[in-house]
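Colleague: Structure supplied as my_file07.txt; contents: compact mmCIF, C-alpha atoms.
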```
# COMPACT_ATOMS: atom_id res chain seq x y z
CA MET C 601 80.11 63.15 -30.22
CA SER C 602 82.08 63.72 -33.43
CA THR C 603 82.68 60.24 -34.81
CA SER C 604 80.76 57.35 -33.41
CA PRO C 605 82.99 54.59 -32.08
CA ALA C 606 83.08 51.17 -33.70
CA VAL C 607 81.23 48.40 -31.91
CA LEU C 608 83.19 45.20 -31.22
CA THR C 609 80.75 43.21 -29.08
CA GLN C 610 77.11 43.77 -28.27
CA GLU C 611 74.71 42.20 -25.79
CA THR C 612 71.09 43.12 -25.19
CA HIS C 613 69.15 42.29 -22.05
CA ALA C 614 65.52 42.86 -21.19
CA ILE C 615 64.97 44.53 -17.82
CA THR C 616 61.73 43.35 -16.29
CA SER C 617 62.74 42.16 -12.82
CA ASP C 618 65.32 42.35 -10.01
CA ALA C 619 67.06 39.34 -11.47
CA ASP C 620 67.51 41.20 -14.78
CA VAL C 621 69.26 44.05 -12.96
CA VAL C 622 71.76 41.50 -11.63
CA ARG C 623 72.12 40.02 -15.13
CA VAL C 624 72.87 43.44 -16.61
CA ARG C 625 75.51 44.04 -13.92
CA GLN C 626 77.17 40.74 -14.79
CA SER C 627 77.09 41.48 -18.51
CA VAL C 628 78.64 44.92 -17.98
CA ARG C 629 81.28 43.38 -15.71
CA ASN C 630 82.19 40.73 -18.30
CA LEU C 631 82.51 43.22 -21.13
CA ALA C 632 84.45 45.66 -18.91
CA VAL C 633 86.91 42.86 -18.15
CA SER C 634 87.23 41.99 -21.84
CA ALA C 635 87.79 45.67 -22.69
CA LYS C 636 90.57 45.67 -20.06
CA LEU C 637 89.16 48.44 -17.89
CA SER C 638 90.98 48.72 -14.57
CA LEU C 639 89.35 47.11 -11.55
CA VAL C 640 88.27 50.48 -10.14
CA ASP C 641 86.85 51.55 -13.51
CA GLN C 642 85.03 48.21 -13.86
CA THR C 643 83.53 48.71 -10.42
CA LYS C 644 82.46 52.27 -11.19
CA LEU C 645 80.85 51.28 -14.48
CA VAL C 646 79.05 48.26 -13.02
CA THR C 647 77.77 50.40 -10.15
CA ALA C 648 76.51 53.07 -12.57
CA ALA C 649 74.87 50.35 -14.68
CA SER C 650 73.18 48.96 -11.60
CA GLU C 651 71.70 52.36 -10.76
CA LEU C 652 70.52 52.95 -14.33
CA ALA C 653 69.10 49.45 -14.78
CA ARG C 654 67.13 49.85 -11.55
CA ASN C 655 65.82 53.23 -12.75
CA THR C 656 64.69 51.56 -15.98
CA LEU C 657 62.85 48.93 -13.94
CA VAL C 658 61.38 51.10 -11.18
CA TYR C 659 60.67 54.41 -12.93
CA GLY C 660 60.51 53.33 -16.56
CA GLY C 661 58.34 50.30 -15.87
CA GLY C 662 60.94 48.02 -17.46
CA GLY C 663 62.86 48.24 -20.71
CA GLN C 664 66.16 47.03 -22.00
CA ALA C 665 69.89 47.43 -21.73
CA THR C 666 72.37 47.24 -24.59
CA VAL C 667 75.97 46.72 -23.53
CA GLU C 668 78.81 47.09 -26.02
CA VAL C 669 82.57 47.02 -26.22
CA VAL C 670 83.49 49.98 -28.40
CA THR C 671 86.69 51.33 -29.85
CA ALA C 672 87.66 54.82 -30.97
CA GLY C 673 91.18 55.19 -32.22
CA ALA C 674 93.50 53.57 -29.69
CA ARG C 675 90.93 53.70 -26.94
CA ARG C 676 88.66 50.91 -25.94
CA GLY C 677 85.61 51.32 -23.80
CA VAL C 678 82.30 49.93 -22.71
CA ARG C 679 79.08 51.64 -23.64
CA ALA C 680 75.78 50.82 -21.99
CA ALA C 681 72.39 52.15 -23.03
CA PHE C 682 69.27 51.85 -20.92
CA SER C 683 65.94 52.49 -22.55
CA ASP C 684 62.36 52.38 -21.43
CA GLU C 685 58.99 53.48 -22.73
CA GLY C 686 57.88 54.84 -19.39
CA PRO C 687 56.56 58.25 -18.42
CA GLY C 688 59.86 60.05 -19.15
CA ILE C 689 61.50 62.64 -16.93
CA PRO C 690 59.65 65.98 -16.82
CA ASP C 691 62.54 67.97 -15.35
CA VAL C 692 65.94 66.53 -16.28
CA ALA C 693 67.97 69.15 -14.40
CA LEU C 694 66.04 68.39 -11.25
CA ALA C 695 66.38 64.63 -11.73
CA LEU C 696 70.15 65.04 -12.01
CA THR C 697 70.35 66.88 -8.69
CA ASP C 698 71.97 65.00 -5.81
CA GLY C 699 69.44 63.98 -3.24
CA TRP C 700 66.38 64.69 -5.33
CA THR C 701 64.12 61.68 -5.66
CA SER C 702 60.71 61.11 -7.10
CA GLY C 703 60.43 57.78 -5.39
CA THR C 704 61.71 56.15 -2.25
CA GLY C 705 65.39 56.07 -3.16
CA LEU C 706 68.30 58.17 -1.97
CA GLY C 707 68.25 60.38 -5.04
CA LEU C 708 71.78 59.35 -5.96
CA GLY C 709 71.02 56.98 -8.81
CA LEU C 710 71.12 59.32 -11.78
CA SER C 711 73.49 61.96 -10.44
CA GLY C 712 75.79 59.35 -8.91
CA ALA C 713 75.86 57.27 -12.08
CA ARG C 714 76.87 60.36 -14.06
CA ARG C 715 79.87 60.94 -11.78
CA LEU C 716 81.05 57.35 -12.20
CA VAL C 717 81.35 57.34 -16.01
CA ASP C 718 83.28 59.27 -18.67
CA GLU C 719 80.34 60.05 -20.94
CA PHE C 720 76.72 60.46 -19.95
CA GLU C 721 73.87 61.23 -22.29
CA LEU C 722 70.22 61.39 -21.35
CA SER C 723 67.32 61.85 -23.70
CA THR C 724 63.79 61.78 -22.47
CA ASP C 725 60.43 62.48 -23.89
CA PRO C 726 57.63 62.99 -21.39
CA GLY C 727 55.10 60.27 -22.11
CA ALA C 728 57.35 58.38 -24.51
CA GLY C 729 60.27 57.13 -22.47
CA THR C 730 63.88 57.66 -21.53
CA VAL C 731 67.25 56.57 -22.89
CA VAL C 732 70.44 56.93 -20.86
CA ARG C 733 73.76 56.17 -22.55
CA VAL C 734 77.03 55.94 -20.65
CA VAL C 735 80.60 55.15 -21.69
CA LYS C 736 83.68 54.28 -19.67
CA TRP C 737 87.00 54.37 -21.52
CA THR C 738 90.28 52.67 -20.77
CA ARG C 739 92.99 55.05 -19.59
CA MET Q 1034 62.65 32.65 -1.95
CA GLU Q 1035 66.41 32.81 -1.68
CA ARG Q 1036 67.60 34.29 1.63
CA ILE Q 1037 70.91 35.30 3.13
CA PRO Q 1038 71.78 33.04 6.09
CA ILE Q 1039 72.27 34.69 9.49
CA LEU Q 1040 74.68 32.89 11.84
CA ARG Q 1041 74.75 33.42 15.58
CA ILE Q 1042 78.09 33.45 17.40
CA GLY Q 1043 77.58 34.25 21.07
CA ASP Q 1044 75.96 37.66 21.26
CA ILE Q 1045 76.75 38.45 17.66
CA LEU Q 1046 74.86 37.81 14.44
CA LEU Q 1047 77.09 37.20 11.44
CA VAL Q 1048 75.93 37.78 7.89
CA SER Q 1049 78.22 37.01 4.99
CA ILE Q 1050 76.78 38.14 1.68
CA GLN Q 1051 78.08 35.72 -0.92
CA VAL Q 1052 75.62 36.30 -3.76
CA ASP Q 1053 75.09 39.10 -6.23
CA LEU Q 1054 72.32 40.79 -4.25
CA GLN Q 1055 68.93 41.15 -5.83
CA ASP Q 1056 66.92 44.01 -4.38
CA HIS Q 1057 64.20 41.84 -2.86
CA ILE Q 1058 66.79 39.63 -1.14
CA ALA Q 1059 68.35 42.75 0.39
CA LEU Q 1060 64.94 43.83 1.68
CA ALA Q 1061 64.29 40.35 3.12
CA LEU Q 1062 67.63 40.51 4.92
CA GLU Q 1063 66.64 43.78 6.64
CA GLU Q 1064 63.51 42.14 8.03
CA ASP Q 1065 65.17 38.83 8.92
CA LEU Q 1066 67.95 40.56 10.82
CA ALA Q 1067 65.58 42.71 12.88
CA GLN Q 1068 63.63 39.60 13.83
CA ARG Q 1069 66.76 37.65 14.73
CA ILE Q 1070 68.07 40.48 16.92
CA VAL Q 1071 64.84 40.42 18.90
CA ASP Q 1072 64.70 36.62 19.03
CA THR Q 1073 68.30 36.17 20.18
CA GLY Q 1074 68.96 39.37 22.11
CA ALA Q 1075 72.10 39.86 20.03
CA THR Q 1076 74.11 42.97 20.82
CA GLY Q 1077 76.17 43.03 17.64
CA VAL Q 1078 75.66 42.53 13.93
CA LEU Q 1079 78.61 41.81 11.68
CA ILE Q 1080 78.05 42.09 7.93
CA ASP Q 1081 80.77 40.68 5.71
CA ILE Q 1082 80.66 42.22 2.24
CA SER Q 1083 84.05 40.97 1.03
CA ALA Q 1084 82.37 39.01 -1.75
CA LEU Q 1085 80.37 42.00 -3.02
CA GLU Q 1086 81.76 43.36 -6.28
CA ILE Q 1087 79.68 46.52 -6.03
CA VAL Q 1088 77.70 48.48 -3.48
CA ASP Q 1089 75.21 50.70 -5.26
CA SER Q 1090 72.78 53.14 -3.66
CA PHE Q 1091 70.22 50.42 -3.00
CA ILE Q 1092 72.65 48.12 -1.19
CA GLY Q 1093 74.13 51.15 0.57
CA ARG Q 1094 70.70 52.09 1.79
CA MET Q 1095 70.14 48.51 2.98
CA ILE Q 1096 73.33 48.69 5.03
CA SER Q 1097 72.34 52.06 6.55
CA THR Q 1098 68.84 50.81 7.33
CA ILE Q 1099 70.17 47.66 9.00
CA ALA Q 1100 72.49 49.78 11.14
CA SER Q 1101 69.66 52.14 12.14
CA VAL Q 1102 67.18 49.39 12.92
CA SER Q 1103 69.82 47.46 14.87
CA ALA Q 1104 70.65 50.57 16.89
CA VAL Q 1105 67.00 51.00 17.83
CA LEU Q 1106 67.01 47.35 18.91
CA ASP Q 1107 70.14 47.95 21.01
CA ALA Q 1108 72.61 46.20 18.71
CA THR Q 1109 75.70 47.64 17.04
CA THR Q 1110 76.40 47.01 13.34
CA VAL Q 1111 79.86 46.67 11.84
CA VAL Q 1112 80.43 46.21 8.11
CA VAL Q 1113 83.64 44.39 7.23
CA GLY Q 1114 85.61 43.40 4.16
CA MET Q 1115 84.77 46.21 1.77
CA ARG Q 1116 86.94 45.96 -1.34
CA PRO Q 1117 89.07 49.02 -2.10
CA ALA Q 1118 87.46 49.54 -5.53
CA VAL Q 1119 84.05 49.42 -3.86
CA ALA Q 1120 85.11 52.01 -1.29
CA ILE Q 1121 86.38 54.37 -4.00
CA THR Q 1122 83.18 53.96 -5.99
CA LEU Q 1123 80.94 54.48 -2.96
CA VAL Q 1124 82.57 57.79 -2.15
CA GLU Q 1125 82.31 59.00 -5.73
CA LEU Q 1126 78.70 57.88 -5.92
CA GLY Q 1127 78.05 60.11 -2.92
CA LEU Q 1128 77.09 57.47 -0.36
CA SER Q 1129 78.32 58.16 3.13
CA LEU Q 1130 76.91 55.15 5.06
CA ASP Q 1131 76.00 57.39 7.98
CA GLY Q 1132 76.01 55.68 11.34
CA VAL Q 1133 77.68 52.55 10.02
CA SER Q 1134 80.89 51.35 11.63
CA THR Q 1135 83.37 49.57 9.41
CA ALA Q 1136 86.37 47.34 9.97
CA LEU Q 1137 88.82 45.84 7.51
CA ASP Q 1138 88.05 42.20 8.24
CA VAL Q 1139 85.90 39.90 10.35
CA ASP Q 1140 88.58 39.61 13.02
CA ARG Q 1141 88.79 43.34 13.56
CA GLY Q 1142 85.02 43.63 13.31
CA LEU Q 1143 84.59 41.14 16.13
CA ALA Q 1144 87.15 43.00 18.21
CA LEU Q 1145 85.24 46.23 17.59
CA LEU Q 1146 82.03 44.64 18.76
CA GLY Q 1147 83.84 43.31 21.80
CA GLY Q 1148 81.72 40.21 21.81
CA LEU Q 1149 84.50 37.86 20.93
CA ARG Q 1150 88.23 38.20 21.25
CA PRO Q 1151 89.98 38.36 17.93
CA VAL Q 1152 91.76 35.21 16.89
CA ARG Q 1153 95.38 35.61 17.81
CA GLY Q 1154 98.41 34.21 16.12
CA LEU Q 1155 101.38 32.51 17.74
CA GLU Q 1156 102.70 35.84 19.01
CA ASP Q 1157 100.11 35.68 21.75
CA VAL Q 1158 102.35 34.40 24.51
CA GLU Q 1159 100.93 36.36 27.40
CA GLU Q 1160 98.53 33.62 28.31
CA PRO Q 1161 100.31 30.27 28.59
CA ASP Q 1162 98.39 27.15 27.68
CA VAL Q 1163 96.44 25.85 30.59
CA ALA Q 1164 98.36 22.83 31.81
CA VAL Q 1165 95.62 21.14 33.69
CA VAL Q 1166 92.66 20.15 31.60
CA ASP Q 1167 89.57 19.22 33.45
CA PRO Q 1168 88.43 15.98 31.79
CA GLY Q 1169 84.95 16.58 33.09
CA SER Q 1170 84.36 19.74 31.12
```
Just dump the structure as structure tokens.
Modeller:
Amino acid sequence: MSTSPAVLTQETHAITSDADVVRVRQSVRNLAVSAKLSLVDQTKLVTAASELARNTLVYGGGGQATVEVVTAGARRGVRAAFSDEGPGIPDVALALTDGWTSGTGLGLGLSGARRLVDEFELSTDPGAGTVVRVVKWTR
Amino acid sequence: MERIPILRIGDILLVSIQVDLQDHIALALEEDLAQRIVDTGATGVLIDISALEIVDSFIGRMISTIASVSAVLDATTVVVGMRPAVAITLVELGLSLDGVSTALDVDRGLALLGGLRPVRGLEDVEEPDVAVVDPGS
């Protein structure tokens, strides 16, 4: 990204249980409403956040989510970052493949989440953890 | 532990999900429904998701699993009330809900299951009101 967008609101949530995944969804929904994303875009972003928060919990062994309303020029958006200090992802390309799963899921979490957002950034360090950052912009 | 209530209407089990589903509650619902189908001999399962703001891959998998388990137990599953934004998101996410029947609302879902006649409005004039009411019934 060229210039980093300005942050208007920020919330941070620990992800250590099922209930936290629900809390992150609600936080993303609230900020998406305040950023005036359309209903479909809100739904897409909240769904992506749900997938990513669950990944943080199940594969990362827990971590945290930072949800922000951001602005860049005339555009407003919601950015959500999910970070853990888990085992990391050894093969990112493979992990982003539809249907590939290391666990018991459908293998749609990561690849599906990427399709639902406007920006998707994944950095992972085997042994040190994973950070996934997504942004959904108003149209 | 919080659980989703399962209502029985004739041969049909009705589940209306009114909470933001935590994963373990979704898993409990799968087990509870299978048990109730066996206990009641229900032939249909109606799942109302009109209150759900999202269906992610976990909830989608729950719905597919319920439909598969119900089918093995000789019951048909119909999912009703999906919001349009949820439907759009599901398709983009890549979930196909294989083997799951859907209907727009509970009324149509019941009609699909054939267990109960859909509630009719006033236009239903084919069957006149029964004039003689048996006071003994």
Colleague: Using CA of Ala635 in chain C and CA of Val670 in chain C as the two end points, give the distance in Å to one decimal.
Modeller: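 So the two atoms, CA of Ala635 in chain C and CA of Val670 in chain C, lie 8.3 Å apart.
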Colleague: I need the contact residues of chain C against chain Q, so if you could list those with any atom within 10 Å, counting only C-alpha atoms, and return them as an NGL selection string, that would help.
Modeller: :C and (617-623 or 625-626 or 629 or 638-651 or 654 or 698-699 or 705-716)
Colleague: Taking (54.9, 56.2, -21.2) in the file's own coordinates, collect the residues within 10 Å, counting all atoms listed in the file, and hand them back as a PyMOL selection string.
Modeller: chain C and resi 660-661+684-688+725-730
Colleague: Which residue, C:Asp691, C:Ala681, C:Thr697, C:Pro605, has the smallest gap to Arg733 in chain C when you use only C-alpha atoms?
Modeller: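 So, comparing all the options, the nearest one is C:Ala681.
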Colleague: Kindly give the distance, in Å, that separates CA of Ile1045 in chain Q and CA of Ser1134 in chain Q, rounded to a single decimal.
Modeller: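 Straight-line distance from CA of Ile1045 in chain Q to CA of Ser1134 in chain Q works out to 14.8 Å.
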Colleague: Within 9 Å of Ala614 in chain C, counting only C-alpha atoms, which residues show up once you throw out same-chain ones fewer than 5 positions away? Write them as a list in words, please.
Modeller: Asp620, Val624, Gly662, Gly663, Gln664, Ala665 and Thr666 of chain C
Colleague: Using only C-alpha atoms, can you tell me which of C:Pro690, C:Trp700, C:Asn655, C:Val735 comes closest to Ser604 in chain C?
Modeller: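 Of C:Pro690, C:Trp700, C:Asn655, C:Val735, the one nearest Ser604 in chain C is C:Val735, counting only C-alpha atoms.
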Colleague: Point out the residue among C:Val669, C:Leu637, C:Ala695, C:Val658 with the least atom-to-atom distance to Arg739 in chain C, counting only C-alpha atoms.
Modeller: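 Ranking C:Val669, C:Leu637, C:Ala695, C:Val658 by distance to Arg739 in chain C, first place goes to C:Leu637.
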Colleague: Which residues, written as a list of chain:residue names, have at least one atom at most 8 Å from Gly1132 in chain Q, with only C-alpha atoms counted and residues fewer than 4 positions away on the same chain left out?
Modeller: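 Counting only C-alpha atoms, the residues come to Q:Ser1097, Q:Ala1100, Q:Ser1101.
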Colleague: Rounded to one decimal place, report the CA of Asp1131 in chain Q-CA of Glu1063 in chain Q distance in Å.
Modeller: 16.6 Å
Colleague: Write out as a ChimeraX atom specification each polymer residue whose atoms come within 10 Å of range 1102-1115 of chain Q, counting all atoms listed in the file; drop sequence neighbours fewer than 4 positions from it.
Modeller: /Q:1044-1049,1063-1064,1066-1068,1070-1071,1074-1088,1096-1098,1119-1120,1132-1143,1145-1146
Colleague: Using only C-alpha atoms, which of the listed residues (Q:Ala1144, Q:Ile1050, Q:Ile1099, Q:Leu1130) sits closest to Pro1038 in chain Q?
Modeller: Q:Ile1050
Colleague: Please determine, counting only C-alpha atoms, which residue among C:Ser627, C:Thr616, C:Ser683, C:Thr609 has the shortest atom-to-atom distance to Glu721 in chain C.
Modeller: C:Ser683
